[in-house]
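**Q** Contents of final-v5.cif (mmCIF, C-alpha atoms and all ligand atoms) are given next:
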```cif
data_my_file
#
loop_
_atom_site.label_atom_id
_atom_site.label_comp_id
_atom_site.auth_asym_id
_atom_site.auth_seq_id
_atom_site.Cartn_x
_atom_site.Cartn_y
_atom_site.Cartn_z
CA THR A 1 97.72 115.53 55.93
CA ARG A 2 96.01 112.13 56.25
CA PRO A 3 92.21 112.37 56.27
CA LEU A 4 91.44 110.08 59.28
CA GLN A 5 88.17 108.75 57.95
CA ARG A 6 87.95 105.50 59.91
CA VAL A 7 89.78 105.42 63.20
CA LEU A 8 89.88 102.45 65.56
CA VAL A 9 90.81 103.55 69.08
CA THR A 10 91.82 100.98 71.71
CA GLY A 11 91.19 102.07 75.29
CA GLY A 12 88.64 104.72 74.27
CA ALA A 13 86.65 104.39 77.50
CA GLY A 14 89.68 105.53 79.52
CA PHE A 15 90.74 109.02 80.48
CA ILE A 16 92.72 110.12 77.41
CA GLY A 17 90.71 107.88 75.07
CA SER A 18 87.35 109.40 75.99
CA THR A 19 88.71 112.89 75.25
CA LEU A 20 90.35 111.75 72.02
CA LEU A 21 87.07 110.20 70.78
CA ARG A 22 85.28 113.52 71.28
CA ARG A 23 87.98 115.34 69.37
CA LEU A 24 87.85 112.83 66.51
CA LEU A 25 84.05 112.99 66.30
CA ALA A 26 84.22 116.79 66.16
CA ARG A 27 85.82 116.39 62.72
CA THR A 28 83.38 116.04 59.86
CA GLY A 29 83.66 112.74 58.05
CA THR A 30 85.54 110.82 60.75
CA ARG A 31 84.03 107.53 61.95
CA VAL A 32 85.32 105.97 65.13
CA LEU A 33 85.28 102.49 66.63
CA ASN A 34 86.09 102.32 70.34
CA TYR A 35 87.58 98.91 71.24
CA ASP A 36 87.87 98.66 75.02
CA ALA A 37 87.77 95.82 77.55
CA LEU A 38 86.09 98.03 80.18
CA THR A 39 88.49 97.17 82.98
CA TYR A 40 88.06 98.99 86.30
CA ALA A 41 89.54 102.08 84.57
CA GLY A 42 87.28 101.93 81.52
CA LEU A 43 84.01 103.65 82.27
CA ILE A 44 81.07 103.38 79.93
CA GLU A 45 79.84 106.55 81.69
CA SER A 46 82.75 108.40 80.06
CA VAL A 47 81.45 107.64 76.58
CA VAL A 48 77.67 107.03 76.85
CA ASP A 49 76.86 110.46 75.47
CA LEU A 50 78.75 109.59 72.26
CA ALA A 51 76.40 106.69 71.45
CA ALA A 52 73.87 109.06 69.84
CA ASP A 53 76.37 109.87 67.10
CA PRO A 54 75.97 107.49 64.12
CA ARG A 55 79.68 107.91 63.36
CA TYR A 56 80.59 106.33 66.72
CA ALA A 57 80.54 102.66 67.69
CA PHE A 58 81.67 100.82 70.79
CA THR A 59 82.68 97.22 71.10
CA GLN A 60 83.84 95.49 74.25
CA GLY A 61 87.04 93.61 73.53
CA ASP A 62 90.43 92.79 75.00
CA VAL A 63 93.61 93.80 73.13
CA VAL A 64 95.16 90.45 74.04
CA ASP A 65 92.34 88.66 72.19
CA ALA A 66 93.82 88.51 68.68
CA ALA A 67 90.84 86.77 67.04
CA ARG A 68 88.36 89.28 68.39
CA LEU A 69 90.49 92.30 67.47
CA ALA A 70 91.17 90.91 63.98
CA GLU A 71 87.44 90.41 63.45
CA GLU A 72 86.69 94.03 64.39
CA VAL A 73 89.52 95.36 62.22
CA ALA A 74 88.34 93.30 59.22
CA ARG A 75 84.77 94.53 59.69
CA PHE A 76 85.52 98.21 60.37
CA ARG A 77 88.44 98.55 57.91
CA PRO A 78 90.19 101.42 59.69
CA ASP A 79 92.70 103.70 57.97
CA THR A 80 94.18 104.47 61.40
CA LEU A 81 94.50 102.53 64.64
CA ILE A 82 95.32 104.57 67.74
CA HIS A 83 96.50 102.26 70.52
CA LEU A 84 95.85 103.65 73.99
CA ALA A 85 94.61 100.57 75.88
CA ALA A 86 96.90 99.94 78.82
CA GLU A 87 97.10 99.33 82.51
CA SER A 88 98.14 102.82 83.53
CA HIS A 89 98.49 103.21 87.30
CA VAL A 90 102.06 103.00 88.65
CA ASP A 91 101.00 102.00 92.20
CA ARG A 92 98.97 99.07 90.87
CA SER A 93 101.97 97.98 88.79
CA ILE A 94 104.10 97.87 91.94
CA ALA A 95 101.51 95.76 93.77
CA GLU A 96 100.66 93.48 90.83
CA PRO A 97 102.86 93.70 87.72
CA ALA A 98 101.41 90.70 85.84
CA ALA A 99 98.38 92.54 84.48
CA PHE A 100 100.75 95.22 83.13
CA VAL A 101 102.87 92.68 81.30
CA ARG A 102 99.73 91.10 79.90
CA THR A 103 97.97 94.23 78.62
CA ASN A 104 100.87 96.57 77.89
CA VAL A 105 103.35 94.07 76.41
CA GLU A 106 101.26 91.15 75.15
CA GLY A 107 98.41 93.48 74.22
CA THR A 108 100.69 95.74 72.14
CA ALA A 109 102.29 92.68 70.52
CA THR A 110 98.79 91.48 69.62
CA VAL A 111 97.74 94.84 68.20
CA LEU A 112 100.91 94.87 66.07
CA ARG A 113 100.37 91.33 64.81
CA VAL A 114 96.73 91.97 63.92
CA TRP A 115 97.59 95.27 62.21
CA ARG A 116 100.39 93.65 60.22
CA ASP A 117 98.07 90.89 58.95
CA TYR A 118 95.43 93.48 58.04
CA ARG A 119 98.00 95.58 56.13
CA ASP A 120 99.16 92.51 54.27
CA ARG A 121 95.59 91.71 53.23
CA VAL A 122 94.91 95.29 52.13
CA SER A 123 98.15 95.40 50.14
CA HIS A 124 96.97 92.45 48.03
CA GLU A 125 93.99 94.56 47.00
CA ASP A 126 95.69 97.95 46.73
CA ALA A 127 99.30 98.76 47.66
CA ALA A 128 98.73 102.53 47.92
CA THR A 129 95.93 102.09 50.44
CA ALA A 130 98.09 99.71 52.48
CA ASP A 131 100.89 102.32 52.50
CA SER A 132 98.58 104.99 53.84
CA LEU A 133 97.44 102.89 56.84
CA ARG A 134 98.84 104.13 60.15
CA LEU A 135 99.27 102.72 63.59
CA VAL A 136 99.67 105.36 66.29
CA HIS A 137 101.01 104.03 69.57
CA VAL A 138 100.78 106.10 72.75
CA SER A 139 103.77 105.88 75.08
CA THR A 140 104.70 107.87 78.20
CA ASP A 141 107.46 110.16 79.46
CA GLU A 142 108.04 107.63 82.25
CA VAL A 143 110.04 105.35 79.88
CA TYR A 144 113.00 107.74 80.25
CA GLY A 145 113.07 107.44 84.04
CA SER A 146 114.01 110.26 86.38
CA LEU A 147 115.90 113.21 84.88
CA PRO A 148 118.12 115.76 86.68
CA VAL A 149 116.91 119.35 86.92
CA GLY A 150 117.57 121.22 83.70
CA GLU A 151 117.59 118.09 81.51
CA PHE A 152 114.84 117.31 78.98
CA ALA A 153 114.62 113.98 77.13
CA VAL A 154 114.64 114.27 73.34
CA GLU A 155 113.19 111.63 71.01
CA GLY A 156 115.73 108.81 70.81
CA ALA A 157 117.14 109.33 74.33
CA THR A 158 118.01 106.17 76.28
CA TYR A 159 115.15 104.39 78.02
CA ASN A 160 115.58 103.94 81.75
CA PRO A 161 112.23 102.88 83.23
CA SER A 162 111.85 102.60 87.02
CA SER A 163 108.46 100.97 87.64
CA PRO A 164 106.85 97.84 86.23
CA TYR A 165 104.39 100.22 84.52
CA SER A 166 107.08 102.20 82.69
CA ALA A 167 109.07 99.02 81.96
CA THR A 168 106.07 97.46 80.20
CA LYS A 169 105.42 100.69 78.28
CA ALA A 170 109.11 100.74 77.23
CA ALA A 171 108.83 97.12 76.04
CA ALA A 172 105.75 98.05 74.02
CA ASP A 173 107.59 100.96 72.36
CA HIS A 174 110.48 98.67 71.40
CA LEU A 175 108.03 96.21 69.86
CA VAL A 176 106.42 99.00 67.81
CA ARG A 177 109.82 100.17 66.52
CA SER A 178 110.85 96.60 65.75
CA TYR A 179 107.80 96.22 63.50
CA GLY A 180 108.93 99.28 61.56
CA ARG A 181 112.42 97.90 61.06
CA THR A 182 111.55 94.23 60.58
CA TYR A 183 108.33 94.38 58.59
CA GLY A 184 108.42 97.93 57.25
CA MET A 185 105.23 98.68 59.14
CA PRO A 186 104.61 102.46 59.28
CA ALA A 187 103.88 103.47 62.85
CA VAL A 188 104.08 106.72 64.79
CA ILE A 189 104.78 106.84 68.52
CA VAL A 190 103.36 109.70 70.57
CA CYS A 191 104.90 110.21 73.97
CA PRO A 192 102.98 112.58 76.25
CA THR A 193 103.78 113.73 79.77
CA ASN A 194 101.40 113.37 82.74
CA ASN A 195 97.88 114.26 81.71
CA TYR A 196 95.20 115.87 83.83
CA GLY A 197 91.61 116.98 83.22
CA PRO A 198 88.05 115.64 83.24
CA ARG A 199 87.25 111.90 83.48
CA GLN A 200 90.57 110.78 84.96
CA PHE A 201 90.15 107.78 87.24
CA PRO A 202 90.19 109.02 90.86
CA GLU A 203 93.21 106.91 91.87
CA LYS A 204 95.49 109.43 90.08
CA LEU A 205 96.99 112.40 91.94
CA ILE A 206 94.92 115.28 90.55
CA PRO A 207 91.39 113.77 90.78
CA LEU A 208 92.28 112.07 94.08
CA ALA A 209 93.53 115.31 95.65
CA THR A 210 90.55 117.24 94.27
CA LEU A 211 87.96 114.82 95.61
CA ARG A 212 89.64 114.61 99.01
CA ALA A 213 89.77 118.40 99.21
CA LEU A 214 86.12 118.74 98.17
CA ARG A 215 85.19 116.38 101.01
CA GLY A 216 87.41 118.11 103.54
CA GLU A 217 89.53 114.97 103.86
CA PRO A 218 93.34 115.01 104.13
CA ILE A 219 95.18 114.89 100.79
CA PRO A 220 97.97 112.31 100.74
CA LEU A 221 101.30 113.52 99.35
CA TYR A 222 104.14 111.09 98.68
CA GLY A 223 107.47 111.73 100.46
CA ASP A 224 108.69 115.32 100.45
CA GLY A 225 106.27 116.35 97.68
CA GLN A 226 109.13 117.81 95.65
CA GLN A 227 108.73 115.42 92.72
CA VAL A 228 108.34 117.30 89.45
CA ARG A 229 105.95 116.23 86.72
CA ASP A 230 105.14 117.99 83.48
CA TRP A 231 101.35 118.38 83.49
CA LEU A 232 99.64 118.40 80.12
CA HIS A 233 95.92 119.08 79.82
CA VAL A 234 94.17 116.06 78.30
CA GLU A 235 92.63 118.25 75.54
CA ASP A 236 96.13 119.37 74.51
CA CYS A 237 97.29 115.75 74.58
CA ALA A 238 94.36 114.59 72.43
CA ALA A 239 95.08 117.40 69.95
CA GLY A 240 98.69 116.22 69.78
CA ILE A 241 97.66 112.61 69.14
CA VAL A 242 95.36 113.72 66.31
CA ALA A 243 98.12 115.92 64.85
CA ALA A 244 100.54 112.97 64.95
CA ALA A 245 97.97 110.69 63.28
CA GLU A 246 97.37 113.29 60.56
CA ARG A 247 100.85 114.61 59.96
CA GLY A 248 103.36 112.44 61.84
CA ARG A 249 106.04 110.79 59.73
CA ALA A 250 106.06 106.99 59.77
CA GLY A 251 108.77 105.58 62.03
CA GLU A 252 109.02 108.77 64.10
CA THR A 253 108.34 109.50 67.75
CA TYR A 254 106.84 112.78 68.93
CA HIS A 255 107.03 114.10 72.48
CA LEU A 256 104.14 116.13 73.85
CA SER A 257 104.87 118.27 76.90
CA ALA A 258 103.56 121.45 78.44
CA THR A 259 107.00 122.82 79.28
CA SER A 260 109.80 122.47 76.75
CA PRO A 261 113.20 124.15 76.49
CA GLY A 262 113.15 127.20 74.28
CA GLU A 263 109.74 128.09 75.68
CA THR A 264 109.73 130.95 78.13
CA PRO A 265 109.16 130.73 80.94
CA LEU A 266 109.94 127.11 81.84
CA ASP A 267 107.27 126.44 84.42
CA GLU A 268 107.85 123.26 86.45
CA TRP A 269 105.54 122.45 89.34
CA SER A 270 106.31 120.16 92.27
CA ASN A 271 103.57 117.75 93.37
CA GLN A 272 103.23 119.81 96.53
CA ARG A 273 102.53 122.95 94.51
CA VAL A 274 99.97 121.08 92.39
CA VAL A 275 98.17 119.73 95.45
CA GLN A 276 98.22 123.13 97.14
CA ALA A 277 96.76 124.76 94.02
CA LEU A 278 93.97 122.15 93.98
CA ALA A 279 93.27 122.69 97.66
CA ASP A 280 93.03 126.45 96.99
CA ALA A 281 90.80 125.88 93.96
CA THR A 282 88.38 123.65 95.87
CA ASP A 283 88.32 126.12 98.77
CA ALA A 284 87.37 128.84 96.30
CA LEU A 285 84.60 126.64 94.82
CA GLN A 286 83.20 126.01 98.28
CA SER A 287 83.59 129.48 99.77
CA GLY A 288 80.69 130.25 102.00
CA ALA A 289 79.61 126.62 102.15
CA SER A 290 82.56 125.54 104.22
CA GLU A 291 85.16 127.08 106.44
CA ARG A 292 87.57 124.18 106.33
CA ARG A 293 90.78 124.33 104.43
CA ALA A 294 92.09 121.18 102.84
CA LEU A 295 94.91 119.46 104.73
CA ILE A 296 97.94 117.97 103.09
CA GLU A 297 99.21 114.78 104.72
CA ARG A 298 102.66 113.39 104.02
CA VAL A 299 102.71 109.64 103.38
CA ALA A 300 105.65 107.24 102.86
CA ASP A 301 107.18 107.69 99.41
CA ARG A 302 106.38 105.27 96.58
CA PRO A 303 109.26 102.77 96.11
CA GLY A 304 111.41 103.66 93.10
CA HIS A 305 109.61 107.02 92.86
CA ASP A 306 111.11 109.10 90.04
CA ARG A 307 111.97 112.67 91.03
CA ARG A 308 111.47 114.46 87.77
CA TYR A 309 110.09 113.80 84.30
CA ALA A 310 110.68 116.29 81.51
CA LEU A 311 110.40 116.10 77.74
CA ASP A 312 111.67 118.33 74.98
CA SER A 313 108.65 118.64 72.67
CA SER A 314 110.16 121.02 70.10
CA LYS A 315 109.88 118.35 67.38
CA ALA A 316 106.08 118.09 67.71
CA ARG A 317 105.82 121.89 67.92
CA ARG A 318 107.90 122.26 64.76
CA GLU A 319 106.73 119.33 62.62
CA LEU A 320 103.13 118.88 63.74
CA ALA A 321 102.41 122.57 64.37
CA TRP A 322 101.17 121.46 67.79
CA ARG A 323 101.39 123.43 70.97
CA PRO A 324 99.76 123.21 74.36
CA THR A 325 97.13 125.86 74.95
CA ARG A 326 96.24 125.69 78.67
CA PRO A 327 98.31 127.20 81.45
CA LEU A 328 98.39 124.79 84.40
CA ALA A 329 96.98 127.18 87.02
CA GLU A 330 93.89 127.76 84.86
CA GLY A 331 93.57 124.10 83.89
CA LEU A 332 93.73 122.93 87.51
CA ALA A 333 91.00 125.31 88.64
CA GLU A 334 88.78 124.24 85.73
CA THR A 335 89.48 120.56 86.44
CA ALA A 336 88.60 120.95 90.13
CA ARG A 337 85.31 122.50 89.03
CA TRP A 338 84.62 119.56 86.68
CA TYR A 339 84.98 117.02 89.52
CA ALA A 340 82.81 119.16 91.80
CA GLU A 341 80.10 119.34 89.14
CA ASN A 342 80.16 115.74 87.91
CA GLN A 343 79.29 113.75 91.00
CA ALA A 344 77.40 111.05 89.06
CA TRP A 345 80.55 110.25 87.07
CA VAL A 346 82.62 110.31 90.28
CA ALA A 347 80.19 107.89 91.98
CA ALA A 348 80.36 105.53 88.98
CA ALA A 349 84.17 105.61 89.03
CA GLU A 350 84.32 105.03 92.77
CA ARG A 351 82.00 102.01 92.48
CA ARG A 352 84.59 100.49 90.09
CA GLY A 353 87.76 101.40 91.99
P1 LIG A 401 93.22 104.77 81.63
O1 LIG A 401 93.70 103.79 82.66
O2 LIG A 401 92.35 105.89 82.06
O3 LIG A 401 92.41 103.98 80.50
C1 LIG A 401 92.87 102.79 79.96
C2 LIG A 401 91.75 102.20 79.10
O4 LIG A 401 92.24 100.98 78.50
C3 LIG A 401 90.50 101.83 79.89
O5 LIG A 401 89.35 102.26 79.21
C4 LIG A 401 90.57 100.33 79.98
O6 LIG A 401 89.28 99.71 80.04
C5 LIG A 401 91.28 99.97 78.69
N1 LIG A 401 91.98 98.69 78.79
C6 LIG A 401 92.81 98.28 79.78
N2 LIG A 401 93.23 97.03 79.53
C7 LIG A 401 92.67 96.66 78.35
C8 LIG A 401 92.73 95.48 77.57
N3 LIG A 401 93.44 94.42 77.97
N4 LIG A 401 92.06 95.46 76.40
C9 LIG A 401 91.32 96.51 75.99
N5 LIG A 401 91.20 97.65 76.71
C10 LIG A 401 91.87 97.72 77.87
O7 LIG A 401 94.52 105.29 80.90
P2 LIG A 401 94.83 106.73 80.27
O8 LIG A 401 95.33 107.59 81.34
O9 LIG A 401 93.70 107.18 79.43
O10 LIG A 401 96.07 106.36 79.35
C11 LIG A 401 95.89 105.98 77.99
C12 LIG A 401 97.24 105.68 77.37
O11 LIG A 401 98.08 106.81 77.45
C13 LIG A 401 97.98 104.54 78.04
O12 LIG A 401 98.65 103.80 77.04
C14 LIG A 401 98.96 105.25 78.95
O13 LIG A 401 100.10 104.45 79.17
C15 LIG A 401 99.28 106.48 78.13
N6 LIG A 401 99.69 107.67 78.89
C16 LIG A 401 98.90 108.16 79.89
C17 LIG A 401 99.30 109.31 80.56
C18 LIG A 401 98.45 109.91 81.65
O14 LIG A 401 98.93 110.82 82.33
N7 LIG A 401 97.21 109.50 81.85
C19 LIG A 401 100.50 109.93 80.24
C20 LIG A 401 101.29 109.41 79.22
C21 LIG A 401 100.85 108.26 78.56
#
```
Could you render the structure from this file as structure tokens?
Ligand code: NAD
**A**
Amino acid sequence: TRPLQRVLVTGGAGFIGSTLLRRLLARTGTRVLNYDALTYAGLIESVVDLAADPRYAFTQGDVVDAARLAEEVARFRPDTLIHLAAESHVDRSIAEPAAFVRTNVEGTATVLRVWRDYRDRVSHEDAATADSLRLVHVSTDEVYGSLPVGEFAVEGATYNPSSPYSATKAAADHLVRSYGRTYGMPAVIVCPTNNYGPRQFPEKLIPLATLRALRGEPIPLYGDGQQVRDWLHVEDCAAGIVAAAERGRAGETYHLSATSPGETPLDEWSNQRVVQALADATDALQSGASERRALIERVADRPGHDRRYALDSSKARRELAWRPTRPLAEGLAETARWYAENQAWVAAAERRG
């Protein structure tokens, strides 16, 4: 197990990043530097409470800015860099792909270049220390494209991305693997399924549906609503990223999913079922205060919309001793409550969106 004493996290003000930082700071002896550009999706409100911890530091920086990132890496001297910074919303990638190419492809290329130079410098001082440095790159199940019912992608399956978002994430993954093969750079790729939970930007399905339901507004549902996603609670995802950083083997990829073959029962939810569960959860939160029931409104399907994502995560369960802990029904109800109770955060996010 690697100790994770000094961890640089890119994109720490985002949804998964802000949960990961909390998990890292809960470990004794771990110091964290959050390097984040604070785009519309990066909310300082998601991390302000961490500032009181002397083991936490924030710096505003862009992953495409090599000089700035190199300066922070040289100063902080991380043993681990966890790369989460990305443009992450599929609909935005369809409307405007350029920002996705910039951050997800160029940004990852920059992180790799800076990390390689840093490793080279460290290896001149001490080869063993250089060998123990790790880059952890966070990918997505969307790189595999849509899978037929009953099929689960295993690590190493063919990439088949459908959206500009998933295409740029796929390109980033290939760059990371190329650094392993070309420069012998030890990196671990973590590939989680769709996350949900507190502090997710309200353009994404679960917070969007929750907030609409809380306000008695119609909840938009793409197409027939029968698309299947594997929903992983963000705390489970963050635990998986930490496990991969601690125990993942260099050069390997680890899938993180809530539902994986061999697990009983396989529990796959359509988007319609998710949205209905959120509508029910918000109705329960508001019982007495309101008589209205949330309405689901069908809207035209997203172009290129994948029907089903599914990952086999037995490797992470076996090798990292990781497993998801939250059943979706429970997690959704708890998440709906979080959005109902954190209106100041919601207002801050909506001012940015
Ligand atoms: P997010 O959009 O909530 O946060 C992204 C963060 O990156 C923000 O804080 C933003 O300010 C920062 N950022 C964006 N561009 C930047 C740049 N050029 N330089 C520095 N920082 C920049 O995203 P998220 O949902 O937390 O996702 C984090 C990572 O996990 C991404 O790489 C994403 O592709 C991946 N992922 C997300 C999910 C999910 O369901 N949310 C699932 C699988 C994989």
**Q** Do a neighbour search on Leu24 (chain A) at 12 Å with all atoms listed in the file, toss out local chain neighbours closer than 6 positions, and write the hits as a PyMOL selection string.
**A** chain A and resi 3-9+12+17-18+30-34+50+53+55-56+80+82+235+238-243+245-246
**Q** Limited to C-alpha atoms, could you put the picked residues into a file as a PDB file, in the frame of the given file?
**A**
```pdb
ATOM      1  CA  PRO A   3      92.210 112.370  56.270  1.00  0.00           C
ATOM      2  CA  LEU A   4      91.440 110.080  59.280  1.00  0.00           C
ATOM      3  CA  GLN A   5      88.170 108.750  57.950  1.00  0.00           C
ATOM      4  CA  ARG A   6      87.950 105.500  59.910  1.00  0.00           C
ATOM      5  CA  VAL A   7      89.780 105.420  63.200  1.00  0.00           C
ATOM      6  CA  LEU A   8      89.880 102.450  65.560  1.00  0.00           C
ATOM      7  CA  VAL A   9      90.810 103.550  69.080  1.00  0.00           C
ATOM      8  CA  GLY A  12      88.640 104.720  74.270  1.00  0.00           C
ATOM      9  CA  GLY A  17      90.710 107.880  75.070  1.00  0.00           C
ATOM     10  CA  SER A  18      87.350 109.400  75.990  1.00  0.00           C
ATOM     11  CA  THR A  30      85.540 110.820  60.750  1.00  0.00           C
ATOM     12  CA  ARG A  31      84.030 107.530  61.950  1.00  0.00           C
ATOM     13  CA  VAL A  32      85.320 105.970  65.130  1.00  0.00           C
ATOM     14  CA  LEU A  33      85.280 102.490  66.630  1.00  0.00           C
ATOM     15  CA  ASN A  34      86.090 102.320  70.340  1.00  0.00           C
ATOM     16  CA  LEU A  50      78.750 109.590  72.260  1.00  0.00           C
ATOM     17  CA  ASP A  53      76.370 109.870  67.100  1.00  0.00           C
ATOM     18  CA  ARG A  55      79.680 107.910  63.360  1.00  0.00           C
ATOM     19  CA  TYR A  56      80.590 106.330  66.720  1.00  0.00           C
ATOM     20  CA  THR A  80      94.180 104.470  61.400  1.00  0.00           C
ATOM     21  CA  ILE A  82      95.320 104.570  67.740  1.00  0.00           C
ATOM     22  CA  GLU A 235      92.630 118.250  75.540  1.00  0.00           C
ATOM     23  CA  ALA A 238      94.360 114.590  72.430  1.00  0.00           C
ATOM     24  CA  ALA A 239      95.080 117.400  69.950  1.00  0.00           C
ATOM     25  CA  GLY A 240      98.690 116.220  69.780  1.00  0.00           C
ATOM     26  CA  ILE A 241      97.660 112.610  69.140  1.00  0.00           C
ATOM     27  CA  VAL A 242      95.360 113.720  66.310  1.00  0.00           C
ATOM     28  CA  ALA A 243      98.120 115.920  64.850  1.00  0.00           C
ATOM     29  CA  ALA A 245      97.970 110.690  63.280  1.00  0.00           C
ATOM     30  CA  GLU A 246      97.370 113.290  60.560  1.00  0.00           C
TER      31      GLU A 246
END
```
**Q** Could you tell me which of A:Tyr179, A:Tyr144, A:Tyr35, A:Tyr254 comes closest to ligand LIG 401 (chain A) if we count all atoms listed in the file?
**A**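 The shortest atom-to-atom distance to ligand LIG 401 (chain A) comes from A:Tyr35.
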**Q** Give me, as a ChimeraX atom specification, the set of residues whose atoms come within 7 Å of any atom of ligand LIG 401 (chain A), counting all atoms listed in the file.
**A** /A:10-17,35-43,61-64,84-89,103,107,138-141,169,191-196,200-201
**Q** For the residues in the current selection, export C-alpha atoms as a PDB file, in the coordinates of the input.
**A**
```
ATOM      1  CA  THR A  10      91.820 100.980  71.710  1.00  0.00           C
ATOM      2  CA  GLY A  11      91.190 102.070  75.290  1.00  0.00           C
ATOM      3  CA  GLY A  12      88.640 104.720  74.270  1.00  0.00           C
ATOM      4  CA  ALA A  13      86.650 104.390  77.500  1.00  0.00           C
ATOM      5  CA  GLY A  14      89.680 105.530  79.520  1.00  0.00           C
ATOM      6  CA  PHE A  15      90.740 109.020  80.480  1.00  0.00           C
ATOM      7  CA  ILE A  16      92.720 110.120  77.410  1.00  0.00           C
ATOM      8  CA  GLY A  17      90.710 107.880  75.070  1.00  0.00           C
ATOM      9  CA  TYR A  35      87.580  98.910  71.240  1.00  0.00           C
ATOM     10  CA  ASP A  36      87.870  98.660  75.020  1.00  0.00           C
ATOM     11  CA  ALA A  37      87.770  95.820  77.550  1.00  0.00           C
ATOM     12  CA  LEU A  38      86.090  98.030  80.180  1.00  0.00           C
ATOM     13  CA  THR A  39      88.490  97.170  82.980  1.00  0.00           C
ATOM     14  CA  TYR A  40      88.060  98.990  86.300  1.00  0.00           C
ATOM     15  CA  ALA A  41      89.540 102.080  84.570  1.00  0.00           C
ATOM     16  CA  GLY A  42      87.280 101.930  81.520  1.00  0.00           C
ATOM     17  CA  LEU A  43      84.010 103.650  82.270  1.00  0.00           C
ATOM     18  CA  GLY A  61      87.040  93.610  73.530  1.00  0.00           C
ATOM     19  CA  ASP A  62      90.430  92.790  75.000  1.00  0.00           C
ATOM     20  CA  VAL A  63      93.610  93.800  73.130  1.00  0.00           C
ATOM     21  CA  VAL A  64      95.160  90.450  74.040  1.00  0.00           C
ATOM     22  CA  LEU A  84      95.850 103.650  73.990  1.00  0.00           C
ATOM     23  CA  ALA A  85      94.610 100.570  75.880  1.00  0.00           C
ATOM     24  CA  ALA A  86      96.900  99.940  78.820  1.00  0.00           C
ATOM     25  CA  GLU A  87      97.100  99.330  82.510  1.00  0.00           C
ATOM     26  CA  SER A  88      98.140 102.820  83.530  1.00  0.00           C
ATOM     27  CA  HIS A  89      98.490 103.210  87.300  1.00  0.00           C
ATOM     28  CA  THR A 103      97.970  94.230  78.620  1.00  0.00           C
ATOM     29  CA  GLY A 107      98.410  93.480  74.220  1.00  0.00           C
ATOM     30  CA  VAL A 138     100.780 106.100  72.750  1.00  0.00           C
ATOM     31  CA  SER A 139     103.770 105.880  75.080  1.00  0.00           C
ATOM     32  CA  THR A 140     104.700 107.870  78.200  1.00  0.00           C
ATOM     33  CA  ASP A 141     107.460 110.160  79.460  1.00  0.00           C
ATOM     34  CA  LYS A 169     105.420 100.690  78.280  1.00  0.00           C
ATOM     35  CA  CYS A 191     104.900 110.210  73.970  1.00  0.00           C
ATOM     36  CA  PRO A 192     102.980 112.580  76.250  1.00  0.00           C
ATOM     37  CA  THR A 193     103.780 113.730  79.770  1.00  0.00           C
ATOM     38  CA  ASN A 194     101.400 113.370  82.740  1.00  0.00           C
ATOM     39  CA  ASN A 195      97.880 114.260  81.710  1.00  0.00           C
ATOM     40  CA  TYR A 196      95.200 115.870  83.830  1.00  0.00           C
ATOM     41  CA  GLN A 200      90.570 110.780  84.960  1.00  0.00           C
ATOM     42  CA  PHE A 201      90.150 107.780  87.240  1.00  0.00           C
TER      43      PHE A 201
END
```
**Q** How many Å separate CA of Glu96 (chain A) from CA of Gly225 (chain A)?
**A** 24.5 Å
**Q** Quick one: residues within 7 Å of region 315-326 of chain A, only C-alpha atoms, excluding same-chain residues fewer than 6 positions away - as a PDB file with C-alpha atoms, keeping the file's coordinate frame?
**A**
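Saved to result20.pdb:
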```pdb
ATOM      1  CA  HIS A 233      95.920 119.080  79.820  1.00  0.00           C
ATOM      2  CA  ASP A 236      96.130 119.370  74.510  1.00  0.00           C
ATOM      3  CA  GLY A 240      98.690 116.220  69.780  1.00  0.00           C
ATOM      4  CA  ALA A 243      98.120 115.920  64.850  1.00  0.00           C
ATOM      5  CA  ALA A 244     100.540 112.970  64.950  1.00  0.00           C
ATOM      6  CA  ARG A 247     100.850 114.610  59.960  1.00  0.00           C
ATOM      7  CA  GLY A 248     103.360 112.440  61.840  1.00  0.00           C
ATOM      8  CA  TYR A 254     106.840 112.780  68.930  1.00  0.00           C
ATOM      9  CA  HIS A 255     107.030 114.100  72.480  1.00  0.00           C
ATOM     10  CA  LEU A 256     104.140 116.130  73.850  1.00  0.00           C
ATOM     11  CA  ALA A 258     103.560 121.450  78.440  1.00  0.00           C
TER      12      ALA A 258
END
```
**Q** Need the shell around region 145-162 of chain A: protein/DNA/RNA residues with any atom at most 6 Å away, counting all atoms listed in the file. Skip same-chain ones fewer than 3 positions apart. Format as number ranges by chain?
**A** A: 142, 166-167, 306-312
**Q** Which polymer residues have any atom within 12 Å of an atom of Ile296 (chain A), counting only C-alpha atoms, with same-chain residues fewer than 2 positions away left out, as a PyMOL selection string?
**A** chain A and resi 209-210+212-213+216-225+271-280+293-294+298-299
**Q** Which residues, protein or nucleic acid, reach to within 10 Å of (107.3, 108.3, 56.1) in the file's coordinates when using all atoms listed in the file, and can you give that as a ChimeraX atom specification?
**A** /A:131-132,186-188,247-252
**Q** Rounded to one decimal in Å, what is the spacing between CA of Val136 (chain A) and CA of Val176 (chain A)?
**A**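 Atom-to-atom, CA of Val136 (chain A) to CA of Val176 (chain A), that is 9.4 Å.
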**Q** Mind giving me the straight-line distance from CA of Asp79 (chain A) to CA of Ala128 (chain A) in Å, one decimal?
**A**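 CA of Asp79 (chain A) sits 11.8 Å away from CA of Ala128 (chain A).
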